[in-house]
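Text of the file data04.cif, holding mmCIF, C-alpha atoms:
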data_target
#
loop_
_atom_site.label_atom_id
_atom_site.label_comp_id
_atom_site.auth_asym_id
_atom_site.auth_seq_id
_atom_site.Cartn_x
_atom_site.Cartn_y
_atom_site.Cartn_z
CA MET R 1 19.87 -19.85 8.27
CA ASP R 2 20.14 -22.16 5.25
CA THR R 3 23.36 -23.94 4.60
CA LYS R 4 23.06 -23.87 0.82
CA GLN R 5 21.08 -20.76 0.04
CA ASN R 6 20.65 -17.68 2.16
CA ALA R 7 17.34 -15.89 1.82
CA GLY R 8 17.60 -12.80 -0.31
CA SER R 9 21.30 -13.33 -1.07
CA LYS R 10 20.90 -12.58 -4.79
CA PRO R 11 18.15 -11.84 -7.34
CA ILE R 12 16.34 -14.91 -8.61
CA SER R 13 17.17 -15.81 -12.21
CA GLY R 14 14.49 -15.49 -14.88
CA TRP R 15 14.88 -19.16 -15.85
CA ILE R 16 14.41 -20.46 -12.30
CA LEU R 17 11.47 -18.11 -11.76
CA PHE R 18 9.80 -19.37 -14.94
CA LEU R 19 10.42 -23.00 -13.97
CA LEU R 20 8.95 -22.51 -10.51
CA ALA R 21 5.89 -20.72 -11.92
CA ALA R 22 5.32 -23.44 -14.54
CA ALA R 23 5.86 -26.22 -12.00
CA CYS R 24 3.39 -24.68 -9.56
CA GLY R 25 0.81 -24.41 -12.33
CA LEU R 26 1.21 -28.02 -13.48
CA ILE R 27 1.13 -29.38 -9.93
CA VAL R 28 -1.79 -27.41 -8.54
CA ALA R 29 -3.86 -28.08 -11.68
CA ASN R 30 -4.30 -31.62 -10.34
CA LEU R 31 -6.63 -30.23 -7.67
CA TYR R 32 -9.04 -28.84 -10.27
CA TYR R 33 -9.22 -31.27 -13.18
CA SER R 34 -12.18 -33.03 -11.60
CA GLN R 35 -14.28 -29.85 -11.17
CA THR R 36 -15.59 -29.78 -14.74
CA LEU R 37 -15.61 -33.60 -14.88
CA VAL R 38 -17.92 -34.09 -11.89
CA GLY R 39 -20.74 -35.27 -14.17
CA PRO R 40 -18.92 -38.00 -16.13
CA ILE R 41 -16.87 -39.16 -13.11
CA SER R 42 -20.03 -39.47 -11.00
CA ALA R 43 -21.75 -41.44 -13.76
CA ALA R 44 -18.77 -43.77 -14.19
CA THR R 45 -18.22 -44.41 -10.47
CA GLY R 46 -21.86 -44.45 -9.29
CA LEU R 47 -21.90 -41.27 -7.21
CA THR R 48 -25.20 -39.38 -6.77
CA SER R 49 -25.62 -35.72 -7.68
CA ALA R 50 -25.72 -34.67 -4.00
CA ALA R 51 -22.52 -36.63 -3.25
CA SER R 52 -20.67 -35.44 -6.37
CA GLY R 53 -19.14 -32.51 -4.49
CA PHE R 54 -17.03 -34.97 -2.50
CA ILE R 55 -14.92 -35.60 -5.62
CA VAL R 56 -13.45 -32.12 -5.25
CA THR R 57 -13.79 -31.96 -1.46
CA LEU R 58 -11.60 -35.03 -0.79
CA THR R 59 -8.87 -33.68 -3.05
CA GLN R 60 -8.90 -30.45 -1.07
CA ILE R 61 -8.92 -32.32 2.25
CA GLY R 62 -5.79 -34.18 1.13
CA TYR R 63 -4.25 -30.84 0.25
CA VAL R 64 -5.09 -29.43 3.70
CA LEU R 65 -3.50 -32.44 5.41
CA GLY R 66 -0.39 -31.89 3.33
CA LEU R 67 -0.32 -28.20 4.19
CA LEU R 68 -0.50 -28.95 7.91
CA PHE R 69 1.83 -31.93 8.13
CA ILE R 70 4.09 -31.87 5.04
CA VAL R 71 4.72 -28.20 4.17
CA PRO R 72 6.15 -27.49 7.67
CA LEU R 73 8.85 -30.06 6.87
CA SER R 74 10.30 -27.53 4.41
CA ASP R 75 11.63 -25.67 7.47
CA ILE R 76 13.73 -28.68 8.56
CA VAL R 77 14.19 -31.00 5.53
CA GLU R 78 16.16 -30.38 2.33
CA ASN R 79 13.54 -28.89 0.00
CA ARG R 80 14.51 -30.46 -3.31
CA ARG R 81 14.33 -34.01 -1.90
CA LEU R 82 11.02 -33.25 -0.18
CA VAL R 83 9.60 -31.99 -3.48
CA ALA R 84 10.67 -35.14 -5.34
CA ILE R 85 9.19 -37.53 -2.76
CA PHE R 86 5.74 -36.01 -2.78
CA LEU R 87 5.65 -35.54 -6.53
CA ILE R 88 6.09 -39.32 -6.70
CA VAL R 89 3.07 -39.65 -4.38
CA ALA R 90 1.09 -37.41 -6.75
CA PHE R 91 2.19 -39.48 -9.76
CA CYS R 92 1.02 -42.74 -8.16
CA ALA R 93 -2.34 -41.23 -7.17
CA LEU R 94 -2.95 -39.78 -10.65
CA ALA R 95 -2.12 -43.10 -12.26
CA THR R 96 -4.59 -44.84 -9.92
CA ALA R 97 -7.33 -42.30 -10.70
CA SER R 98 -6.86 -42.90 -14.43
CA PHE R 99 -8.13 -46.49 -14.17
CA ALA R 100 -10.40 -46.28 -11.08
CA ALA R 101 -13.81 -47.77 -11.84
CA SER R 102 -15.40 -47.51 -8.39
CA ALA R 103 -16.20 -44.51 -6.20
CA PRO R 104 -14.12 -45.66 -3.17
CA LEU R 105 -10.96 -46.16 -5.26
CA PHE R 106 -11.35 -42.88 -7.13
CA LEU R 107 -12.07 -40.93 -3.94
CA ALA R 108 -9.04 -42.50 -2.21
CA ALA R 109 -6.88 -41.54 -5.21
CA SER R 110 -8.33 -38.01 -5.02
CA LEU R 111 -7.23 -37.71 -1.39
CA PHE R 112 -3.64 -38.63 -2.30
CA ILE R 113 -3.67 -36.38 -5.39
CA GLY R 114 -4.33 -33.51 -3.00
CA LEU R 115 -1.66 -34.71 -0.58
CA GLY R 116 1.03 -34.92 -3.28
CA SER R 117 0.04 -31.65 -4.94
CA VAL R 118 1.00 -29.79 -1.78
CA VAL R 119 4.47 -29.56 -3.34
CA ALA R 120 3.29 -26.34 -5.01
CA GLN R 121 3.19 -24.71 -1.57
CA ILE R 122 6.75 -25.79 -0.87
CA LEU R 123 7.92 -24.22 -4.12
CA VAL R 124 6.22 -20.82 -3.61
CA PRO R 125 8.07 -19.93 -0.37
CA TYR R 126 11.18 -21.59 -1.83
CA ALA R 127 11.10 -18.92 -4.54
CA THR R 128 11.14 -16.15 -1.93
CA TYR R 129 14.29 -17.64 -0.37
CA LEU R 130 16.01 -17.12 -3.71
CA ALA R 131 14.73 -13.55 -4.12
CA SER R 132 16.01 -10.31 -2.71
CA GLY R 133 13.77 -8.76 -0.06
CA PRO R 134 12.52 -5.63 -1.88
CA HIS R 135 11.29 -7.74 -4.80
CA GLN R 136 9.43 -10.47 -2.91
CA GLY R 137 6.03 -9.07 -3.90
CA ARG R 138 7.02 -9.27 -7.58
CA VAL R 139 8.43 -12.78 -7.21
CA VAL R 140 5.38 -14.06 -5.33
CA GLY R 141 3.11 -12.40 -7.90
CA ASN R 142 4.91 -14.00 -10.85
CA VAL R 143 5.09 -17.48 -9.30
CA MET R 144 1.48 -17.23 -8.20
CA SER R 145 0.53 -16.22 -11.74
CA GLY R 146 1.83 -19.59 -12.88
CA LEU R 147 -0.01 -21.34 -10.08
CA LEU R 148 -3.25 -19.49 -10.78
CA LEU R 149 -2.99 -20.12 -14.52
CA GLY R 150 -2.67 -23.80 -13.64
CA ILE R 151 -5.84 -23.56 -11.54
CA MET R 152 -7.78 -21.77 -14.25
CA PHE R 153 -6.51 -23.72 -17.25
CA ALA R 154 -7.10 -27.03 -15.44
CA ARG R 155 -10.85 -26.87 -15.93
CA PRO R 156 -10.95 -26.11 -19.68
CA VAL R 157 -8.04 -28.44 -20.43
CA ALA R 158 -9.75 -31.27 -18.56
CA SER R 159 -13.01 -30.70 -20.44
CA PHE R 160 -11.28 -30.50 -23.84
CA ILE R 161 -9.36 -33.74 -23.22
CA ALA R 162 -12.46 -35.51 -21.87
CA GLY R 163 -14.39 -34.37 -24.95
CA LEU R 164 -11.73 -35.77 -27.29
CA TRP R 165 -11.10 -39.02 -25.41
CA LYS R 166 -12.43 -39.92 -21.95
CA TRP R 167 -12.06 -38.35 -18.51
CA GLN R 168 -9.52 -41.05 -17.57
CA ALA R 169 -7.09 -39.59 -20.14
CA VAL R 170 -6.88 -36.36 -18.13
CA PHE R 171 -5.35 -38.14 -15.14
CA ALA R 172 -3.12 -40.38 -17.26
CA LEU R 173 -1.61 -37.41 -19.11
CA SER R 174 -1.13 -35.49 -15.87
CA ALA R 175 0.67 -38.48 -14.34
CA ALA R 176 3.10 -38.47 -17.26
CA ALA R 177 3.66 -34.70 -16.93
CA ILE R 178 4.32 -34.99 -13.17
CA ALA R 179 6.85 -37.78 -13.77
CA LEU R 180 8.83 -35.58 -16.18
CA LEU R 181 8.55 -32.57 -13.88
CA THR R 182 9.93 -34.55 -10.94
CA ILE R 183 13.08 -35.38 -12.86
CA LEU R 184 13.52 -31.81 -14.13
CA LEU R 185 13.07 -30.11 -10.76
CA TYR R 186 15.44 -32.50 -8.99
CA ARG R 187 18.16 -31.89 -11.57
CA VAL R 188 17.76 -28.11 -11.98
CA LEU R 189 16.74 -26.57 -8.64
CA PRO R 190 19.46 -25.39 -6.24
CA GLU R 191 19.66 -27.35 -3.02
CA ARG R 192 18.15 -25.65 0.02
CA LYS R 193 18.97 -27.40 3.29
CA PRO R 194 17.66 -25.61 6.39
CA GLU R 195 19.42 -26.02 9.71
CA PRO R 196 16.62 -27.53 11.82
CA ALA R 197 16.14 -25.80 15.15
CA LEU R 198 13.13 -27.96 16.10
CA SER R 199 12.13 -31.60 16.02
CA TYR R 200 9.16 -32.52 13.82
CA GLY R 201 6.92 -32.90 16.88
CA LYS R 202 7.79 -29.45 18.20
CA LEU R 203 7.45 -28.08 14.68
CA ILE R 204 3.82 -29.27 14.50
CA VAL R 205 3.08 -28.05 18.04
CA SER R 206 4.44 -24.61 17.10
CA LEU R 207 1.71 -24.27 14.47
CA GLY R 208 -0.88 -23.60 17.15
CA SER R 209 1.19 -20.86 18.77
CA LEU R 210 2.00 -19.26 15.41
CA LEU R 211 -1.69 -19.13 14.56
CA LYS R 212 -2.69 -17.86 18.01
CA GLN R 213 -0.07 -15.11 18.21
CA THR R 214 -0.03 -13.93 14.59
CA PRO R 215 -3.18 -11.85 13.93
CA ILE R 216 -2.10 -10.97 10.38
CA LEU R 217 -1.97 -14.69 9.54
CA ARG R 218 -5.44 -15.29 11.00
CA ARG R 219 -7.00 -12.38 9.16
CA ARG R 220 -5.39 -13.04 5.79
CA ALA R 221 -6.35 -16.72 6.03
CA ALA R 222 -9.95 -15.87 6.98
CA TYR R 223 -10.37 -13.44 4.07
CA GLN R 224 -9.00 -15.95 1.60
CA ALA R 225 -11.00 -18.85 3.09
CA CYS R 226 -14.21 -16.94 2.41
CA LEU R 227 -13.17 -16.03 -1.13
CA PHE R 228 -11.86 -19.49 -1.97
CA GLY R 229 -14.98 -21.05 -0.47
CA VAL R 230 -17.27 -19.20 -2.88
CA PHE R 231 -14.77 -19.77 -5.70
CA SER R 232 -15.01 -23.53 -5.14
CA LEU R 233 -18.78 -23.26 -4.73
CA PHE R 234 -19.04 -21.52 -8.12
CA TRP R 235 -16.76 -23.86 -10.06
CA THR R 236 -18.27 -27.02 -8.54
CA VAL R 237 -21.81 -26.01 -9.48
CA ILE R 238 -21.38 -24.07 -12.73
CA PRO R 239 -20.58 -27.13 -14.92
CA LEU R 240 -23.79 -28.80 -13.69
CA TYR R 241 -25.80 -25.62 -14.23
CA LEU R 242 -24.40 -25.06 -17.72
CA ALA R 243 -25.18 -28.64 -18.72
CA ASP R 244 -28.65 -28.75 -17.16
CA ASP R 245 -30.02 -25.29 -18.05
CA PHE R 246 -27.97 -24.24 -21.09
CA GLY R 247 -27.42 -27.68 -22.62
CA LEU R 248 -23.64 -27.22 -22.91
CA THR R 249 -21.45 -30.23 -23.72
CA GLN R 250 -18.02 -30.84 -22.17
CA GLN R 251 -16.53 -28.80 -25.01
CA GLY R 252 -18.88 -25.91 -24.30
CA ILE R 253 -18.10 -26.04 -20.58
CA ALA R 254 -14.40 -26.01 -21.50
CA TRP R 255 -14.79 -22.78 -23.46
CA PHE R 256 -16.68 -21.23 -20.56
CA ALA R 257 -13.95 -22.22 -18.11
CA LEU R 258 -11.28 -20.90 -20.47
CA ALA R 259 -12.83 -17.44 -20.25
CA GLY R 260 -12.20 -17.42 -16.51
CA VAL R 261 -8.44 -17.59 -17.12
CA GLY R 262 -8.51 -13.84 -17.68
CA GLY R 263 -8.83 -13.42 -13.92
CA ALA R 264 -5.22 -14.50 -13.44
CA VAL R 265 -4.01 -11.08 -14.64
CA ALA R 266 -4.87 -9.74 -11.19
CA ALA R 267 -2.08 -11.72 -9.49
CA PRO R 268 1.07 -9.92 -10.75
CA ILE R 269 -0.72 -6.56 -10.59
CA ALA R 270 -1.69 -7.18 -6.97
CA GLY R 271 1.89 -8.19 -6.13
CA ARG R 272 3.34 -4.97 -7.54
CA LEU R 273 0.72 -2.76 -5.89
CA ALA R 274 1.23 -4.54 -2.58
CA ASP R 275 4.93 -3.61 -2.77
CA LYS R 276 3.73 0.02 -2.95
CA GLY R 277 1.54 -0.27 0.16
CA TRP R 278 -1.91 -0.86 -1.40
CA THR R 279 -2.65 -4.13 0.45
CA ARG R 280 -5.50 -2.86 2.65
CA PHE R 281 -7.38 -1.06 -0.13
CA LEU R 282 -7.06 -3.99 -2.54
CA THR R 283 -8.26 -6.48 0.08
CA GLY R 284 -11.51 -4.59 0.58
CA LEU R 285 -11.90 -4.23 -3.18
CA ALA R 286 -11.43 -7.99 -3.71
CA LEU R 287 -14.17 -8.83 -1.20
CA ILE R 288 -16.57 -6.34 -2.81
CA VAL R 289 -15.86 -7.62 -6.34
CA ALA R 290 -16.43 -11.24 -5.25
CA ALA R 291 -19.83 -10.37 -3.79
CA LEU R 292 -20.79 -8.36 -6.89
CA SER R 293 -19.83 -11.25 -9.18
CA PHE R 294 -22.42 -13.44 -7.47
CA VAL R 295 -24.98 -10.62 -7.57
CA LEU R 296 -24.43 -10.60 -11.32
CA ALA R 297 -24.77 -14.39 -11.47
CA TYR R 298 -27.95 -14.29 -9.37
CA LEU R 299 -29.57 -11.70 -11.64
CA VAL R 300 -28.86 -13.64 -14.86
CA PRO R 301 -32.20 -13.68 -16.74
CA GLY R 302 -33.27 -16.87 -18.49
CA HIS R 303 -30.99 -19.09 -20.56
CA SER R 304 -30.12 -16.83 -23.48
CA THR R 305 -26.74 -16.06 -25.02
CA ALA R 306 -26.76 -12.73 -23.16
CA SER R 307 -27.25 -14.62 -19.90
CA LEU R 308 -24.27 -16.82 -20.70
CA VAL R 309 -22.12 -13.75 -21.39
CA LEU R 310 -23.08 -12.31 -17.99
CA LEU R 311 -22.07 -15.59 -16.34
CA VAL R 312 -18.71 -15.43 -18.09
CA LEU R 313 -18.21 -11.89 -16.78
CA ALA R 314 -19.14 -13.07 -13.27
CA ALA R 315 -16.57 -15.88 -13.54
CA ILE R 316 -13.81 -13.47 -14.61
CA LEU R 317 -14.57 -11.01 -11.80
CA LEU R 318 -14.64 -13.79 -9.20
CA ASP R 319 -11.35 -15.23 -10.43
CA MET R 320 -9.74 -11.79 -10.34
CA ALA R 321 -10.88 -11.21 -6.76
CA VAL R 322 -9.61 -14.59 -5.57
CA SER R 323 -6.27 -14.52 -7.40
CA GLY R 324 -5.49 -10.92 -6.45
CA ASN R 325 -6.32 -11.41 -2.78
CA LEU R 326 -4.28 -14.62 -2.66
CA VAL R 327 -1.12 -12.77 -3.66
CA LEU R 328 -1.87 -10.02 -1.13
CA GLY R 329 -2.28 -12.61 1.59
CA GLN R 330 0.82 -14.59 0.74
CA ARG R 331 2.98 -11.49 0.55
CA ALA R 332 1.75 -10.42 4.00
CA VAL R 333 2.43 -13.86 5.46
CA TYR R 334 5.88 -14.21 3.86
CA SER R 335 6.83 -10.78 5.18
CA LEU R 336 6.50 -12.00 8.77
CA GLY R 337 9.95 -13.62 8.77
CA ASN R 338 12.13 -16.34 7.28
CA GLU R 339 12.49 -18.77 10.19
CA ALA R 340 8.91 -20.05 9.98
CA LYS R 341 8.06 -19.35 6.35
CA GLY R 342 7.10 -22.96 5.59
CA ARG R 343 4.83 -23.22 8.62
CA LEU R 344 3.25 -19.81 8.10
CA ASN R 345 2.51 -20.66 4.47
CA GLY R 346 1.19 -24.10 5.44
CA LEU R 347 -1.21 -22.61 8.00
CA PHE R 348 -2.37 -19.88 5.63
CA MET R 349 -3.04 -22.28 2.77
CA ALA R 350 -4.59 -24.96 5.00
CA ILE R 351 -7.13 -22.55 6.47
CA PHE R 352 -8.29 -21.19 3.17
CA PHE R 353 -8.38 -24.64 1.54
CA ILE R 354 -10.66 -25.75 4.38
CA GLY R 355 -12.89 -22.94 3.14
CA GLY R 356 -12.53 -24.32 -0.38
CA ALA R 357 -13.43 -27.86 0.71
CA ALA R 358 -16.48 -26.53 2.55
CA GLY R 359 -17.50 -24.54 -0.53
CA SER R 360 -17.21 -27.57 -2.84
CA SER R 361 -19.24 -29.76 -0.49
CA LEU R 362 -21.83 -27.02 0.06
CA GLY R 363 -22.08 -26.46 -3.69
CA GLY R 364 -23.28 -29.98 -4.43
CA TRP R 365 -25.83 -29.77 -1.62
CA SER R 366 -27.12 -26.26 -2.42
CA TYR R 367 -27.56 -26.98 -6.13
CA ALA R 368 -29.38 -30.24 -5.44
CA HIS R 369 -31.78 -28.60 -2.97
CA GLY R 370 -32.20 -25.02 -4.18
CA GLY R 371 -30.77 -24.76 -7.68
CA TRP R 372 -28.60 -21.97 -9.06
CA ASN R 373 -30.36 -19.09 -7.28
CA PHE R 374 -29.85 -20.63 -3.83
CA THR R 375 -26.20 -21.29 -4.63
CA SER R 376 -25.73 -17.70 -5.81
CA LEU R 377 -27.26 -16.31 -2.62
CA ILE R 378 -24.71 -18.23 -0.56
CA GLY R 379 -22.00 -16.81 -2.84
CA ILE R 380 -23.19 -13.27 -2.07
CA ILE R 381 -23.52 -13.70 1.70
CA VAL R 382 -20.07 -15.18 2.43
CA PRO R 383 -17.92 -12.33 0.94
CA VAL R 384 -20.22 -9.77 2.59
CA LEU R 385 -19.59 -11.40 5.99
CA ALA R 386 -15.85 -11.34 5.24
CA LEU R 387 -16.13 -7.64 4.37
CA VAL R 388 -17.80 -6.94 7.72
CA TYR R 389 -14.89 -8.70 9.44
CA PHE R 390 -12.44 -6.72 7.30
CA PHE R 391 -13.89 -3.43 8.59
CA THR R 392 -12.94 -4.48 12.14
CA GLU R 393 -9.25 -4.56 11.16
CA LYS R 394 -7.12 -2.01 12.95
CA ARG R 395 -3.99 -0.42 11.59
CA THR R 396 -1.04 -1.64 13.66
CA GLY R 397 1.46 0.95 12.49
CA ILE R 398 3.98 -1.85 11.92
CA LYS R 399 5.03 -2.29 8.32
CA MET R 400 4.95 -5.84 6.98
CA GLY R 401 8.43 -7.21 6.48
CA SER R 402 9.91 -4.67 8.90
CA ARG R 403 12.46 -5.55 11.55
CA LYS R 404 9.68 -5.39 14.14
CA HIS R 405 7.85 -8.19 12.33
CA GLU R 406 11.03 -10.22 11.95
CA HIS R 407 11.84 -9.73 15.65
CA PHE R 408 8.32 -10.75 16.66
CA ILE R 409 8.49 -14.06 14.81
CA SER R 410 12.01 -14.79 16.03
CA LYS R 411 10.94 -14.13 19.62
CA LEU R 412 7.95 -16.44 19.22
CA LEU R 413 10.01 -19.27 17.74
CA ASN R 414 12.56 -19.05 20.54
CA LYS R 415 9.89 -20.39 22.88
CA PHE R 416 10.16 -23.82 21.25
#
Please render this file's structure as structure tokens.
Amino acid sequence: MDTKQNAGSKPISGWILFLLAAACGLIVANLYYSQTLVGPISAATGLTSAASGFIVTLTQIGYVLGLLFIVPLSDIVENRRLVAIFLIVAFCALATASFAASAPLFLAASLFIGLGSVVAQILVPYATYLASGPHQGRVVGNVMSGLLLGIMFARPVASFIAGLWKWQAVFALSAAAIALLTILLYRVLPERKPEPALSYGKLIVSLGSLLKQTPILRRRAAYQACLFGVFSLFWTVIPLYLADDFGLTQQGIAWFALAGVGGAVAAPIAGRLADKGWTRFLTGLALIVAALSFVLAYLVPGHSTASLVLLVLAAILLDMAVSGNLVLGQRAVYSLGNEAKGRLNGLFMAIFFIGGAAGSSLGGWSYAHGGWNFTSLIGIIVPVLALVYFFTEKRTGIKMGSRKHEHFISKLLNKF
């Protein structure tokens, strides 16, 4: 039980919901600025084409470390203070990246950008503590819309800014925005101080048992890891492909990335439909749409304008599949209970970001060795394998968010 804010005690205000959504978008965007800037950053820091994927991969590894070792702290540490501390870490890392001239310094800064940006995954479950139970799907969908818009706008915004000035300006401007956001969140957000039932050591140890004994968590994380892996694969490689085969400049790549923003509309829709019991159907649909988007990308003929339009359509479909399934997964995980919400969210996000890191790293390698067609084939195979796994899912007969789920998690946590 929280001492300052009980979960579901009153509806969340529109202003706080908007602030949390905007904050999540601004924070998580830091993970994606470098995706469309891989070319100029590699040239400036001396990284080879095959190693360029590590620019994104190290950021995601930092994020995974934060999800495993920082997000669980939200179950025992006052959330507002925790948010402020790690936003300061993100600010320092962004400022360092803005003047880094060597690969080791930039890659180190990337790791800490990911670590500090984990604050977004403290704020998402924080929003559900402020929301009434029956509306958690809507709240998660709205906050995740902000987060996903941040992900999708990050790429075009970074390319536009780099086209006007230099890539370093992207990180400098983001550092300034994070500094202002830190002050605003600390002054505006209600305090949420959990009553810690575990020490930090036992908290981390409990992660293994939560993962082992929570099949819904494992499945939702696996589905999203596959989708986010091919999402990262696509967006790591597509800027290189567009520049090499279509001759697009940073401005042209920015316009292409901007088209993908349309995929974010799937998030609030998925949240509302999940509240009505459509989770299983929509999960299968998301996996099928992701595979079909890469089929479309694989079949793109030549380098004509029509081919470019088909690639834009593939990007939108892929973004819709990933964003919609993310909301479905988070709603399922948050419905398991309040006592371990931070840890459950941390595990869920960490697992699928490992998939994202693998996809980014694999993207640089696959494009260097087999070009766009080889990369697209990988993008088709992974969602299909996830779909096969999805068909092995059995109906439990236990409704997510029911008292049976709450009792199960409480019983598990009492072991620690």
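Using all atoms listed in the file, the contacts of Arg343 of chain R at a cut-off of 7 Å, with sequence neighbours closer than 3 positions omitted, comprise Val71, Pro72, Leu207, Ala340, Gly346 and Leu347 of chain R.
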At a cut-off of 8 Å, using all atoms listed in the file, what residues contact Leu107 of chain R? Leave out same-chain residues fewer than 5 positions from it and give the result as a list of chain:residue names.
R:Phe54, R:Ile55, R:Leu58, R:Thr59
What's around Thr236 of chain R at 9 Å? Count all atoms listed in the file, leave out sequence neighbours fewer than 5 positions away in its own chain, and write the answer as a PyMOL selection string.
chain R and resi 35-36+38+53+56+231+359-361+363-364
Output of the above residues as a compact mmCIF listing (two decimals), keeping the file's coordinate frame, restricted to C-alpha atoms:
# COMPACT_ATOMS: atom_id res chain seq x y z
CA GLN R 35 -14.28 -29.85 -11.17
CA THR R 36 -15.59 -29.78 -14.74
CA VAL R 38 -17.92 -34.09 -11.89
CA GLY R 53 -19.14 -32.51 -4.49
CA VAL R 56 -13.45 -32.12 -5.25
CA PHE R 231 -14.77 -19.77 -5.70
CA GLY R 359 -17.50 -24.54 -0.53
CA SER R 360 -17.21 -27.57 -2.84
CA SER R 361 -19.24 -29.76 -0.49
CA GLY R 363 -22.08 -26.46 -3.69
CA GLY R 364 -23.28 -29.98 -4.43
Skip Arg80 of chain R itself and residues of its chain fewer than 3 positions away, then list as a list in words all residues within 7 Å of it, counting only C-alpha atoms.
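What passes the distance filter is Val83, Ala84, Tyr186, Leu189, Glu191 and Arg192 of chain R.
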Selected residue of minimal separation from Phe391 of chain R among R:Ile70, R:Leu20, R:Val300, R:Leu287, counting all atoms listed in the file:
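When distances to Phe391 of chain R are compared using all atoms listed in the file, the smallest one comes from R:Leu287.
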Explicit residue set for the PyMOL selection byres ((chain R and resi 281) around 12), as a ChimeraX atom specification
/R:270,273-274,276-280,282-288,324-325,328,387,390-391,393
Run the PyMOL selection byres ((chain R and resi 179) around 12) mentally over the shown coordinates, then write out the matched residues as a list in words, using the chain letters and numbers from the document.
Ala23, Leu26, Ile27, Ala84, Ile85, Phe86, Leu87, Ile88, Val89, Ala90, Phe91, Cys92, Ala93, Leu94, Ala95, Ala172, Leu173, Ser174, Ala175, Ala176, Ala177, Ile178, Leu180, Leu181, Thr182, Ile183, Leu184, Leu185 and Tyr186 of chain R
Once the PyMOL selection byres ((chain R and resi 157-161) around 8) has been applied to the shown file, what residues remain in the selection, as a VMD selection string?
chain R and resid 33 to 34 36 to 37 153 to 156 162 to 167 169 to 170 250 to 251 253 to 254
For Phe348 of chain R, list every protein, DNA or RNA residue within 8 Å, evaluated using only C-alpha atoms, and leave out those in the same chain fewer than 6 positions away; present the list as a list in words.
Leu217, Arg218, Arg220, Ala221, Gln330 and Val333 of chain R
Which distance in Å separates atom CA of Leu148 of chain R and atom CA of Ser376 of chain R, to one decimal?
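Between these atoms lies a distance of 23.1 Å.
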Just how far from atom CA of Cys24 of chain R is atom CA of Met152 of chain R, in Å to one decimal?
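If I compute the distance from atom CA of Met152 of chain R to atom CA of Cys24 of chain R, I get 12.5 Å.
The shortest atom-to-atom distance to Gly66 of chain R, with only C-alpha atoms taken into account, belongs to R:Ile122 out of R:Leu105, R:Leu311, R:Leu385, R:Ile122.
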Just checking: using all atoms listed in the file, which residue out of R:Cys226, R:Ile351, R:Leu233, R:Leu313 ends up closest to Ala386 of chain R?
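Answer, going by the shortest atom-to-atom distance: R:Cys226.
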So, counting all atoms listed in the file, which residue among R:Phe352, R:Tyr389, R:Tyr367, R:Trp15 is closest to Leu67 of chain R?
R:Phe352
Here is a test: counting only C-alpha atoms, which residue of R:Val205, R:Ala127, R:Leu318, R:Val382 is nearest to Phe69 of chain R?
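Looking only at the distances to Phe69 of chain R, the closest residue turns out to be R:Val205.
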Select, from R:Leu73, R:Leu344, R:Leu258, R:Ala108, the residue with the minimum atom-to-atom distance to Lys212 of chain R, counting all atoms listed in the file.
R:Leu344
Pairwise distance for atom CA of Pro125 of chain R and atom CA of Trp235 of chain R, rounded to one decimal in Å:
26.9 Å
Which polymer residues, protein or nucleic acid, are no farther than 8 Å from (-10.3, -17.7, 0.3), counting all atoms listed in the file, as an MDAnalysis selection string?
chainID R and resid 221:231 322 326 352:353 355:356
